[in-house]
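What follows is upload00.cif (mmCIF, C-alpha atoms and all ligand atoms).
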```
data_target
#
loop_
_atom_site.label_atom_id
_atom_site.label_comp_id
_atom_site.auth_asym_id
_atom_site.auth_seq_id
_atom_site.Cartn_x
_atom_site.Cartn_y
_atom_site.Cartn_z
CA MET M 1 -205.71 117.42 -220.40
CA LYS M 2 -203.35 115.96 -223.01
CA THR M 3 -199.90 114.52 -222.17
CA ILE M 4 -197.57 113.98 -225.11
CA SER M 5 -194.55 111.75 -224.49
CA LEU M 6 -191.53 111.91 -226.82
CA GLY M 7 -188.68 109.40 -226.94
CA GLU M 8 -185.16 110.05 -228.21
CA ARG M 9 -186.04 109.33 -231.83
CA GLU M 10 -188.98 111.75 -231.82
CA VAL M 11 -186.87 114.50 -230.21
CA ARG M 12 -184.15 114.01 -232.83
CA ALA M 13 -186.65 113.98 -235.69
CA ALA M 14 -188.27 117.21 -234.51
CA VAL M 15 -185.22 119.42 -233.87
CA SER M 16 -182.19 119.91 -236.13
CA MET M 17 -178.93 121.15 -234.65
CA ARG M 18 -179.28 124.37 -236.68
CA GLU M 19 -182.69 125.03 -235.07
CA ALA M 20 -181.29 124.14 -231.65
CA VAL M 21 -178.40 126.60 -232.02
CA ASP M 22 -180.76 129.41 -233.07
CA ALA M 23 -183.20 128.67 -230.23
CA VAL M 24 -180.47 128.49 -227.60
CA ARG M 25 -178.93 131.74 -228.92
CA ARG M 26 -182.32 133.48 -228.48
CA GLY M 27 -182.50 131.91 -225.01
CA PHE M 28 -179.12 133.32 -223.94
CA LEU M 29 -180.19 136.77 -225.17
CA GLY M 30 -183.44 136.43 -223.22
CA LEU M 31 -181.54 135.35 -220.12
CA ALA M 32 -179.36 138.45 -220.34
CA GLY M 33 -182.55 140.49 -220.74
CA GLY M 34 -184.04 139.15 -217.49
CA GLU M 35 -186.72 137.03 -219.17
CA PHE M 36 -186.11 133.89 -217.07
CA GLU M 37 -186.69 132.84 -213.50
CA MET M 38 -184.07 130.11 -213.08
CA PRO M 39 -183.10 128.83 -209.63
CA THR M 40 -179.74 127.17 -209.05
CA ARG M 41 -180.23 123.47 -209.77
CA THR M 42 -180.70 120.92 -207.02
CA VAL M 43 -177.78 118.48 -206.80
CA LEU M 44 -178.25 115.21 -204.93
CA ARG M 45 -175.67 112.50 -204.16
CA ASP M 46 -172.79 114.79 -205.30
CA GLY M 47 -174.09 114.95 -208.88
CA GLY M 48 -175.80 111.56 -209.09
CA PHE M 49 -179.17 113.27 -209.50
CA LEU M 50 -179.98 116.78 -210.77
CA VAL M 51 -183.25 118.73 -210.81
CA MET M 52 -183.35 121.84 -213.02
CA SER M 53 -186.11 124.34 -213.76
CA ALA M 54 -186.68 127.55 -215.71
CA GLN M 55 -189.71 129.75 -216.16
CA HIS M 56 -190.00 132.15 -219.13
CA ARG M 57 -191.83 135.23 -217.92
CA PRO M 58 -193.03 136.61 -221.31
CA THR M 59 -194.74 133.34 -222.35
CA GLY M 60 -195.73 131.87 -218.96
CA SER M 61 -194.05 128.59 -219.89
CA ALA M 62 -191.81 126.41 -217.78
CA MET M 63 -189.44 123.43 -218.09
CA VAL M 64 -188.50 121.04 -215.30
CA LYS M 65 -185.82 118.39 -215.90
CA THR M 66 -184.74 115.52 -213.69
CA LEU M 67 -181.59 113.53 -214.48
CA SER M 68 -179.66 110.61 -213.08
CA LEU M 69 -175.93 110.51 -213.92
CA ASN M 70 -173.54 107.56 -213.74
CA PHE M 71 -170.37 107.60 -215.85
CA ASP M 72 -169.96 103.84 -215.47
CA ARG M 73 -173.29 103.40 -217.28
CA VAL M 74 -174.30 103.80 -220.94
CA PRO M 75 -176.01 106.16 -221.35
CA ALA M 76 -174.38 108.10 -218.51
CA ILE M 77 -177.20 110.67 -218.47
CA ALA M 78 -180.90 109.74 -218.43
CA GLY M 79 -184.10 111.42 -217.34
CA THR M 80 -187.17 113.42 -218.23
CA VAL M 81 -187.98 116.94 -219.43
CA VAL M 82 -191.47 118.24 -218.65
CA TRP M 83 -192.89 121.29 -220.45
CA SER M 84 -195.95 123.17 -219.23
CA THR M 85 -197.66 126.51 -219.76
CA LEU M 86 -200.09 128.58 -217.72
CA ASP M 87 -202.66 129.01 -220.48
CA ARG M 88 -203.52 125.34 -221.05
CA PRO M 89 -203.45 122.11 -219.03
CA ASP M 90 -201.54 120.01 -221.61
CA HIS M 91 -198.04 118.77 -220.89
CA LEU M 92 -195.16 117.52 -222.99
CA ILE M 93 -192.68 114.98 -221.62
CA ALA M 94 -189.45 114.34 -223.52
CA ASP M 95 -186.38 112.13 -223.26
CA ALA M 96 -183.87 114.22 -221.30
CA GLY M 97 -180.81 112.46 -222.72
CA ALA M 98 -181.60 113.67 -226.24
CA VAL M 99 -182.65 117.16 -225.10
CA THR M 100 -179.51 117.50 -222.97
CA ALA M 101 -177.13 116.47 -225.74
CA LEU M 102 -178.85 118.80 -228.24
CA ARG M 103 -178.92 121.83 -225.94
CA THR M 104 -175.36 121.28 -224.68
CA GLY M 105 -174.16 121.09 -228.26
CA ALA M 106 -176.27 124.10 -229.19
CA ALA M 107 -174.68 126.30 -226.49
CA VAL M 108 -171.26 125.31 -227.83
CA GLY M 109 -172.47 126.19 -231.33
CA VAL M 110 -173.56 129.66 -230.19
CA ALA M 111 -170.25 130.29 -228.38
CA THR M 112 -168.12 128.90 -231.21
CA ASP M 113 -169.95 131.06 -233.76
CA LEU M 114 -169.24 134.10 -231.60
CA LEU M 115 -165.66 133.36 -230.55
CA ALA M 116 -163.87 131.12 -233.08
CA ALA M 117 -161.93 132.59 -236.02
CA PRO M 118 -164.15 133.00 -239.10
CA ASP M 119 -162.09 130.46 -241.08
CA ALA M 120 -161.72 127.92 -238.23
CA GLY M 121 -162.22 124.44 -239.67
CA ARG M 122 -160.08 122.01 -237.64
CA LEU M 123 -161.77 120.56 -234.53
CA THR M 124 -160.27 118.32 -231.86
CA LEU M 125 -162.84 116.61 -229.63
CA ILE M 126 -161.77 115.04 -226.33
CA GLY M 127 -164.34 112.56 -225.03
CA ALA M 128 -166.44 110.18 -227.12
CA GLY M 129 -169.51 109.57 -224.94
CA GLY M 130 -173.12 110.70 -224.95
CA GLN M 131 -172.38 114.40 -225.53
CA ALA M 132 -169.67 113.98 -228.15
CA ALA M 133 -171.57 113.66 -231.45
CA ASP M 134 -173.66 116.76 -230.78
CA GLN M 135 -170.56 118.77 -229.89
CA VAL M 136 -169.29 118.02 -233.39
CA ARG M 137 -172.66 118.62 -235.07
CA ALA M 138 -172.98 121.99 -233.34
CA VAL M 139 -169.50 123.19 -234.30
CA HIS M 140 -170.05 121.94 -237.86
CA ALA M 141 -173.33 123.92 -238.02
CA VAL M 142 -171.46 127.19 -237.44
CA ARG M 143 -167.95 126.42 -238.81
CA PRO M 144 -168.04 123.74 -241.55
CA LEU M 145 -165.32 121.30 -240.55
CA ARG M 146 -162.39 120.43 -242.81
CA ALA M 147 -160.78 118.13 -240.23
CA LEU M 148 -161.93 116.38 -237.05
CA THR M 149 -159.75 114.51 -234.54
CA ILE M 150 -161.55 112.49 -231.84
CA VAL M 151 -159.48 111.56 -228.80
CA GLY M 152 -160.47 108.33 -227.08
CA GLY M 153 -160.38 104.55 -227.42
CA ASP M 154 -162.97 102.20 -228.94
CA ARG M 155 -165.79 104.70 -228.47
CA ALA M 156 -163.81 107.29 -230.47
CA ARG M 157 -163.47 104.86 -233.39
CA ALA M 158 -167.20 104.05 -233.29
CA LEU M 159 -168.07 107.76 -233.16
CA ALA M 160 -165.74 108.47 -236.09
CA ASP M 161 -167.58 105.82 -238.14
CA THR M 162 -170.96 107.38 -237.27
CA LEU M 163 -169.84 110.90 -238.09
CA ARG M 164 -168.28 109.83 -241.42
CA THR M 165 -171.80 109.04 -242.59
CA GLU M 166 -172.98 112.55 -241.63
CA LEU M 167 -170.11 114.92 -242.44
CA ASP M 168 -169.33 115.16 -246.13
CA GLY M 169 -165.84 116.41 -246.94
CA THR M 170 -164.48 116.31 -243.37
CA GLU M 171 -161.27 114.36 -242.81
CA ILE M 172 -161.91 112.34 -239.62
CA ARG M 173 -159.27 110.55 -237.55
CA THR M 174 -158.89 109.26 -234.01
CA ALA M 175 -156.05 109.81 -231.54
CA THR M 176 -155.11 108.78 -228.03
CA ASP M 177 -152.97 111.65 -226.69
CA PRO M 178 -155.00 114.84 -225.98
CA ALA M 179 -151.92 117.09 -225.79
CA ALA M 180 -150.65 115.99 -229.21
CA ALA M 181 -154.14 116.15 -230.73
CA VAL M 182 -154.86 119.80 -229.84
CA GLY M 183 -151.59 121.11 -231.35
CA ASP M 184 -153.04 122.02 -234.76
CA ALA M 185 -156.68 122.65 -233.78
CA ASP M 186 -158.61 125.85 -234.50
CA ILE M 187 -161.35 124.67 -232.11
CA VAL M 188 -161.19 122.21 -229.19
CA CYS M 189 -164.22 120.61 -227.49
CA CYS M 190 -163.79 118.92 -224.11
CA ALA M 191 -166.64 116.60 -223.08
CA THR M 192 -165.32 114.35 -220.31
CA PRO M 193 -165.89 113.83 -216.58
CA ALA M 194 -162.15 114.51 -215.98
CA THR M 195 -160.95 115.74 -212.60
CA SER M 196 -157.64 117.22 -213.80
CA PRO M 197 -156.70 119.25 -216.92
CA LEU M 198 -156.78 117.27 -220.16
CA PHE M 199 -153.74 119.07 -221.69
CA PRO M 200 -151.27 121.84 -220.74
CA ALA M 201 -151.93 125.32 -222.15
CA SER M 202 -148.57 125.09 -223.95
CA ALA M 203 -149.96 122.27 -226.14
CA LEU M 204 -152.43 124.67 -227.82
CA PRO M 205 -151.80 126.92 -230.83
CA ALA M 206 -151.51 130.68 -230.19
CA GLN M 207 -154.99 131.22 -231.63
CA VAL M 208 -157.65 128.69 -230.68
CA HIS M 209 -161.19 128.55 -229.31
CA VAL M 210 -161.78 125.98 -226.54
CA ASN M 211 -165.21 124.76 -225.39
CA ALA M 212 -165.35 122.84 -222.09
CA ILE M 213 -168.67 121.30 -221.09
CA GLY M 214 -167.56 118.29 -219.04
CA ALA M 215 -166.94 119.54 -215.51
CA PHE M 216 -170.12 120.25 -213.55
CA ARG M 217 -168.90 119.77 -209.97
CA PRO M 218 -166.27 121.75 -208.02
CA THR M 219 -164.13 118.57 -207.94
CA MET M 220 -164.04 118.28 -211.76
CA ARG M 221 -161.67 120.12 -214.17
CA GLU M 222 -160.84 119.87 -217.85
CA LEU M 223 -158.82 123.06 -218.39
CA PRO M 224 -155.55 124.32 -216.87
CA ASP M 225 -155.33 127.66 -215.02
CA GLU M 226 -152.68 128.90 -217.50
CA LEU M 227 -155.17 128.68 -220.38
CA LEU M 228 -157.88 130.54 -218.46
CA ALA M 229 -155.40 133.25 -217.40
CA ASP M 230 -154.37 133.81 -221.02
CA SER M 231 -157.83 133.73 -222.68
CA THR M 232 -161.03 135.69 -223.13
CA VAL M 233 -163.34 133.60 -220.92
CA VAL M 234 -167.08 133.35 -221.63
CA ILE M 235 -169.38 131.29 -219.38
CA ASP M 236 -173.01 130.20 -219.53
CA GLU M 237 -174.12 131.80 -216.24
CA LEU M 238 -172.12 133.36 -213.42
CA ALA M 239 -174.17 131.98 -210.51
CA ALA M 240 -174.00 128.47 -211.96
CA VAL M 241 -170.26 128.38 -212.66
CA LEU M 242 -169.46 129.87 -209.24
CA GLU M 243 -171.42 127.01 -207.70
CA GLU M 244 -170.28 124.15 -209.94
CA SER M 245 -167.37 124.73 -212.35
CA GLY M 246 -164.21 123.13 -210.95
CA GLU M 247 -161.93 124.90 -213.42
CA ILE M 248 -163.37 128.39 -212.82
CA LEU M 249 -163.34 127.92 -209.03
CA HIS M 250 -159.75 126.61 -209.18
CA ALA M 251 -158.63 129.57 -211.33
CA LEU M 252 -160.36 132.09 -209.04
CA ARG M 253 -158.65 130.55 -206.00
CA SER M 254 -155.21 130.51 -207.63
CA GLY M 255 -155.56 134.10 -208.91
CA ALA M 256 -155.43 133.03 -212.58
CA LEU M 257 -158.87 134.67 -212.99
CA THR M 258 -160.95 137.28 -211.20
CA ARG M 259 -164.74 137.51 -211.41
CA ASP M 260 -164.33 140.54 -213.71
CA ASP M 261 -162.66 138.26 -216.27
CA LEU M 262 -165.89 136.24 -216.69
CA THR M 263 -168.51 137.28 -219.25
CA GLU M 264 -171.85 135.52 -219.59
CA LEU M 265 -172.62 134.31 -223.12
CA GLY M 266 -175.87 136.30 -223.31
CA THR M 267 -173.95 139.50 -222.55
CA ALA M 268 -171.08 138.58 -224.87
CA LEU M 269 -173.54 138.16 -227.76
CA THR M 270 -174.37 141.86 -227.62
CA ALA M 271 -170.92 143.16 -226.64
CA VAL M 272 -167.81 144.18 -228.57
CA PRO M 273 -166.23 141.02 -230.04
CA ALA M 274 -163.13 139.52 -228.37
CA PRO M 275 -159.87 140.95 -229.77
CA PRO M 276 -158.77 138.83 -232.74
CA GLY M 277 -155.75 136.60 -232.16
CA LYS M 278 -156.41 136.01 -228.47
CA ARG M 279 -157.32 132.55 -227.24
CA THR M 280 -160.98 132.18 -226.25
CA VAL M 281 -162.68 129.76 -223.86
CA PHE M 282 -166.35 128.90 -223.41
CA LYS M 283 -167.04 127.13 -220.10
CA SER M 284 -170.51 125.69 -219.61
CA VAL M 285 -171.94 123.71 -216.72
CA GLY M 286 -175.36 123.62 -218.41
CA ILE M 287 -178.40 125.69 -217.39
CA ALA M 288 -182.14 125.06 -217.46
CA MET M 289 -182.82 127.83 -219.98
CA GLN M 290 -181.11 125.69 -222.65
CA ASP M 291 -183.52 122.79 -221.96
CA TRP M 292 -186.43 125.24 -221.97
CA ALA M 293 -185.34 126.44 -225.44
CA ILE M 294 -185.37 122.91 -226.90
CA ALA M 295 -188.59 121.98 -225.08
CA ARG M 296 -190.23 125.05 -226.60
CA LEU M 297 -189.31 123.86 -230.11
CA LEU M 298 -190.82 120.45 -229.27
CA ALA M 299 -193.98 122.05 -227.88
CA ASP M 300 -194.34 124.23 -231.00
CA LYS M 301 -194.34 121.03 -233.09
CA TYR M 302 -196.23 118.58 -230.87
CA LEU M 303 -198.57 120.85 -228.86
CA PRO M 304 -199.51 123.48 -231.45
N1 LIG D 1 -172.18 121.39 -219.53
C1 LIG D 1 -173.28 120.73 -219.79
O1 LIG D 1 -174.30 121.31 -220.10
C2 LIG D 1 -173.25 119.22 -219.79
C3 LIG D 1 -174.32 118.50 -220.33
C4 LIG D 1 -174.24 117.12 -220.34
C5 LIG D 1 -173.13 116.48 -219.84
N2 LIG D 1 -172.13 117.21 -219.29
C6 LIG D 1 -170.94 116.56 -218.76
O2 LIG D 1 -170.11 116.21 -219.84
C7 LIG D 1 -169.31 115.08 -219.49
C8 LIG D 1 -169.46 114.02 -220.56
O3 LIG D 1 -170.80 113.56 -220.58
P1 LIG D 1 -171.20 112.28 -221.46
O4 LIG D 1 -172.65 112.13 -221.35
O5 LIG D 1 -170.57 112.38 -222.83
O6 LIG D 1 -170.42 111.15 -220.62
P2 LIG D 1 -170.00 109.69 -221.10
O7 LIG D 1 -169.68 108.92 -219.88
O8 LIG D 1 -171.01 109.17 -222.06
O9 LIG D 1 -168.64 109.94 -221.92
C9 LIG D 1 -167.47 110.43 -221.32
C10 LIG D 1 -166.29 110.31 -222.28
O10 LIG D 1 -165.15 110.90 -221.64
C11 LIG D 1 -164.05 109.97 -221.67
N3 LIG D 1 -163.23 110.24 -220.46
C12 LIG D 1 -163.56 109.98 -219.18
N4 LIG D 1 -162.59 110.44 -218.35
C13 LIG D 1 -161.63 110.97 -219.14
C14 LIG D 1 -160.39 111.59 -218.88
N5 LIG D 1 -159.93 111.76 -217.63
N6 LIG D 1 -159.66 112.02 -219.94
C15 LIG D 1 -160.11 111.88 -221.21
N7 LIG D 1 -161.30 111.31 -221.51
C16 LIG D 1 -162.05 110.86 -220.49
C17 LIG D 1 -164.71 108.60 -221.67
O11 LIG D 1 -163.83 107.64 -222.18
C18 LIG D 1 -165.91 108.87 -222.59
O12 LIG D 1 -165.49 108.81 -223.95
C19 LIG D 1 -169.81 114.64 -218.11
O13 LIG D 1 -168.98 115.14 -217.10
C20 LIG D 1 -171.19 115.28 -218.04
O14 LIG D 1 -171.65 115.50 -216.74
C21 LIG D 1 -172.18 118.55 -219.26
#
```
Would you write the structure of this file as structure tokens?
Amino acid sequence: MKTISLGEREVRAAVSMREAVDAVRRGFLGLAGGEFEMPTRTVLRDGGFLVMSAQHRPTGSAMVKTLSLNFDRVPAIAGTVVWSTLDRPDHLIADAGAVTALRTGAAVGVATDLLAAPDAGRLTLIGAGGQAADQVRAVHAVRPLRALTIVGGDRARALADTLRTELDGTEIRTATDPAAAVGDADIVCCATPATSPLFPASALPAQVHVNAIGAFRPTMRELPDELLADSTVVIDELAAVLEESGEILHALRSGALTRDDLTELGTALTAVPAPPGKRTVFKSVGIAMQDWAIARLLADKYLP
């Protein structure tokens, strides 16, 4: 039995964001097609520890991820991804921080490609932590960015400096007021552990695509009800958001949304596109299939 162990650098070297977006798109289509066994994740200490698993029926392969989360710590998210298959005894273990950031970005890339206007090129990112850079890389992979505004303090300035070395031809600036910063955006990414909406719906342009990946507990919220009521809303998975997404649960309770207003991304990928001109929202709490999709790319390279 062989056990391959991959650190952050090896994960990054093996998987580009373009590959991650394509793999996660195939994963969402497979999920909609019933290819995955994926239990609701185990949450311990109100989100301090998570255990996630997914099994892909056609290939007899599985991914199990364990995470610890502490937003007063850098990195906030740390843990291990384990990949195994039924046909051989070998295992692959990978840094879960890198896999999580890649797959969370990749889901946003898939949704943005589907939902944002074809000429969208102005992104506002709120949050400048562990997820932030890959949110930008994923959007840039599907909508080449002309302008990027990062909302935050010192970490936003450091992230802007990093991204300037990667994104040719993108005008990058930082800002401190989320409401002012979303006013001229084509695309907004929210990646914070906020517990109340980051901006009012009235701060957004009439046409905009908003991704919100931060809230993963019923007590957390990044988006206001008024935005959800007025938008085409796509989610990663219904069972997961009904268990964990503070903004979706809040909007269902207030009547801003009904369950019929929610479309899973895998279904949306094969459905009639959202009417042009309407605001669109992608809400993700993060599901194990996404980690499986990245782990499969790693296994293809390191356990051929
Ligand atoms: N949906 C998913 O699949 C998924 C995956 C990973 C992480 N997450 C979630 O995304 C969020 C961000 O994760 P991270 O690893 O980047 O965390 P992090 O702690 O590294 O960074 C958080 C960033 O948000 C900013 N922030 C905190 N509270 C804020 C507020 N009220 N308003 C504006 N900005 C605020 C911080 O200054 C920091 O820049 C967390 O809630 C995390 O659980 C979701």
* Asked: Within 8 Å of ligand LIG 1 (chain D), counting all atoms listed in the file: which residues, as a PyMOL selection string?
  -> chain M and resi 69-77+100-101+103-104+126-132+151-153+155-156+178+191-196+198+212-216+220+283-287
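Going from CA of Arg88 in chain M to CA of Ala54 in chain M covers 17.8 Å.
Atom pair CA of Phe282 in chain M / CA of His250 in chain M: separated by 15.9 Å.
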* Would you kindly return, as a ChimeraX atom specification, each protein, DNA or RNA residue with an atom no farther than 10 Å from any atom of Phe199 in chain M, considering all atoms listed in the file and excluding same-chain residues fewer than 2 positions away? => /M:177-182,196-197,201-204,222-224,227
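Here CA of Arg296 in chain M is placed at a distance of 28.9 Å from CA of Leu159 in chain M.
Ranking M:Glu171, M:Asp134, M:Glu226, M:Glu244 by their shortest atom-to-atom distance to Arg122 in chain M, with only C-alpha atoms included, puts M:Glu171 first.
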* **Selection near Met63 in chain M, 7 Å with only C-alpha atoms, sequence-local residues under 2 positions removed, as a VMD selection string** => chain M and resid 53 to 55 65 81 to 84 292
* **Shell of 10 Å around Asp46 in chain M, all atoms listed in the file, local chain residues under 6 positions omitted, as a PyMOL selection string** => chain M and resi 217-219
* Excluding Arg25 in chain M and any residue of its chain fewer than 2 positions from it, enumerate the residues within 8 Å of it, using only C-alpha atoms, and give them as a PyMOL selection string. => chain M and resi 21-23+27-29+107+110+266
* Write out as a ChimeraX atom specification the residues lying within 12 Å of Ser231 in chain M, counting all atoms listed in the file and excluding same-chain residues fewer than 2 positions away. => /M:115,201,204,206-211,223-229,233-234,256-257,261-263,274-283
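When all atoms listed in the file are used to compute distances to Ala141 in chain M, the closest of the residues M:Leu50, M:Val64, M:Leu303, M:Ala20 turns out to be M:Ala20.
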* Asked: With only C-alpha atoms as the basis for distance, which of M:Arg221, M:Val241, M:Ile248, M:Val108 is at the shortest distance from Cys189 in chain M?
  -> M:Val108
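Among the candidates M:Ala185, M:Leu114, M:Met38, M:Leu163, the residue lying nearest to Glu237 in chain M is M:Met38 (atoms considered: all atoms listed in the file).
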How would range 175-200 of chain M look with N, CA and C atoms restored, written as an mmCIF file, in the frame of the given file?
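Here's the written file part_23.cif:
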```
data_model
loop_
_atom_site.group_PDB
_atom_site.id
_atom_site.type_symbol
_atom_site.label_atom_id
_atom_site.label_comp_id
_atom_site.auth_asym_id
_atom_site.auth_seq_id
_atom_site.Cartn_x
_atom_site.Cartn_y
_atom_site.Cartn_z
ATOM 1 N N ALA M 175 -157.366 109.658 -232.180
ATOM 2 C CA ALA M 175 -156.050 109.810 -231.540
ATOM 3 C C ALA M 175 -156.191 109.386 -230.091
ATOM 4 N N THR M 176 -155.061 109.214 -229.429
ATOM 5 C CA THR M 176 -155.110 108.780 -228.030
ATOM 6 C C THR M 176 -154.515 109.804 -227.073
ATOM 7 N N ASP M 177 -153.661 110.705 -227.579
ATOM 8 C CA ASP M 177 -152.970 111.650 -226.690
ATOM 9 C C ASP M 177 -153.585 113.051 -226.850
ATOM 10 N N PRO M 178 -154.341 113.525 -225.839
ATOM 11 C CA PRO M 178 -155.000 114.840 -225.980
ATOM 12 C C PRO M 178 -154.004 115.964 -226.282
ATOM 13 N N ALA M 179 -152.865 115.980 -225.615
ATOM 14 C CA ALA M 179 -151.920 117.090 -225.790
ATOM 15 C C ALA M 179 -151.419 117.153 -227.232
ATOM 16 N N ALA M 180 -151.120 116.001 -227.814
ATOM 17 C CA ALA M 180 -150.650 115.990 -229.210
ATOM 18 C C ALA M 180 -151.790 116.369 -230.156
ATOM 19 N N ALA M 181 -153.015 115.966 -229.809
ATOM 20 C CA ALA M 181 -154.140 116.150 -230.730
ATOM 21 C C ALA M 181 -154.639 117.593 -230.801
ATOM 22 N N VAL M 182 -154.359 118.417 -229.793
ATOM 23 C CA VAL M 182 -154.860 119.800 -229.840
ATOM 24 C C VAL M 182 -153.869 120.744 -230.522
ATOM 25 N N GLY M 183 -152.676 120.241 -230.860
ATOM 26 C CA GLY M 183 -151.590 121.110 -231.350
ATOM 27 C C GLY M 183 -151.910 121.866 -232.619
ATOM 28 N N ASP M 184 -152.739 121.308 -233.509
ATOM 29 C CA ASP M 184 -153.040 122.020 -234.760
ATOM 30 C C ASP M 184 -154.531 122.340 -234.891
ATOM 31 N N ALA M 185 -155.222 122.407 -233.737
ATOM 32 C CA ALA M 185 -156.680 122.650 -233.780
ATOM 33 C C ALA M 185 -156.987 124.150 -233.852
ATOM 34 N N ASP M 186 -158.054 124.486 -234.575
ATOM 35 C CA ASP M 186 -158.610 125.850 -234.500
ATOM 36 C C ASP M 186 -159.627 125.920 -233.366
ATOM 37 N N ILE M 187 -160.293 124.776 -233.134
ATOM 38 C CA ILE M 187 -161.350 124.670 -232.110
ATOM 39 C C ILE M 187 -161.116 123.370 -231.349
ATOM 40 N N VAL M 188 -161.280 123.425 -230.023
ATOM 41 C CA VAL M 188 -161.190 122.210 -229.190
ATOM 42 C C VAL M 188 -162.496 122.089 -228.410
ATOM 43 N N CYS M 189 -163.057 120.883 -228.353
ATOM 44 C CA CYS M 189 -164.220 120.610 -227.490
ATOM 45 C C CYS M 189 -163.819 119.562 -226.461
ATOM 46 N N CYS M 190 -164.065 119.874 -225.193
ATOM 47 C CA CYS M 190 -163.790 118.920 -224.110
ATOM 48 C C CYS M 190 -165.135 118.466 -223.551
ATOM 49 N N ALA M 191 -165.360 117.157 -223.544
ATOM 50 C CA ALA M 191 -166.640 116.600 -223.080
ATOM 51 C C ALA M 191 -166.373 115.329 -222.293
ATOM 52 N N THR M 192 -165.697 115.500 -221.153
ATOM 53 C CA THR M 192 -165.320 114.350 -220.310
ATOM 54 C C THR M 192 -165.646 114.648 -218.847
ATOM 55 N N PRO M 193 -165.748 113.601 -218.032
ATOM 56 C CA PRO M 193 -165.890 113.830 -216.580
ATOM 57 C C PRO M 193 -164.517 113.904 -215.883
ATOM 58 N N ALA M 194 -163.511 114.483 -216.531
ATOM 59 C CA ALA M 194 -162.150 114.510 -215.980
ATOM 60 C C ALA M 194 -162.084 115.344 -214.698
ATOM 61 N N THR M 195 -161.128 115.000 -213.850
ATOM 62 C CA THR M 195 -160.950 115.740 -212.600
ATOM 63 C C THR M 195 -159.615 116.493 -212.578
ATOM 64 N N SER M 196 -158.854 116.404 -213.674
ATOM 65 C CA SER M 196 -157.640 117.220 -213.800
ATOM 66 C C SER M 196 -157.495 117.616 -215.269
ATOM 67 N N PRO M 197 -156.747 118.726 -215.551
ATOM 68 C CA PRO M 197 -156.700 119.250 -216.920
ATOM 69 C C PRO M 197 -156.308 118.203 -217.956
ATOM 70 N N LEU M 198 -156.959 118.282 -219.118
ATOM 71 C CA LEU M 198 -156.780 117.270 -220.160
ATOM 72 C C LEU M 198 -155.494 117.485 -220.949
ATOM 73 N N PHE M 199 -154.964 118.753 -220.939
ATOM 74 C CA PHE M 199 -153.740 119.070 -221.690
ATOM 75 C C PHE M 199 -153.145 120.328 -221.062
ATOM 76 N N PRO M 200 -151.836 120.572 -221.225
ATOM 77 C CA PRO M 200 -151.270 121.840 -220.740
ATOM 78 C C PRO M 200 -151.577 122.959 -221.731
#
```
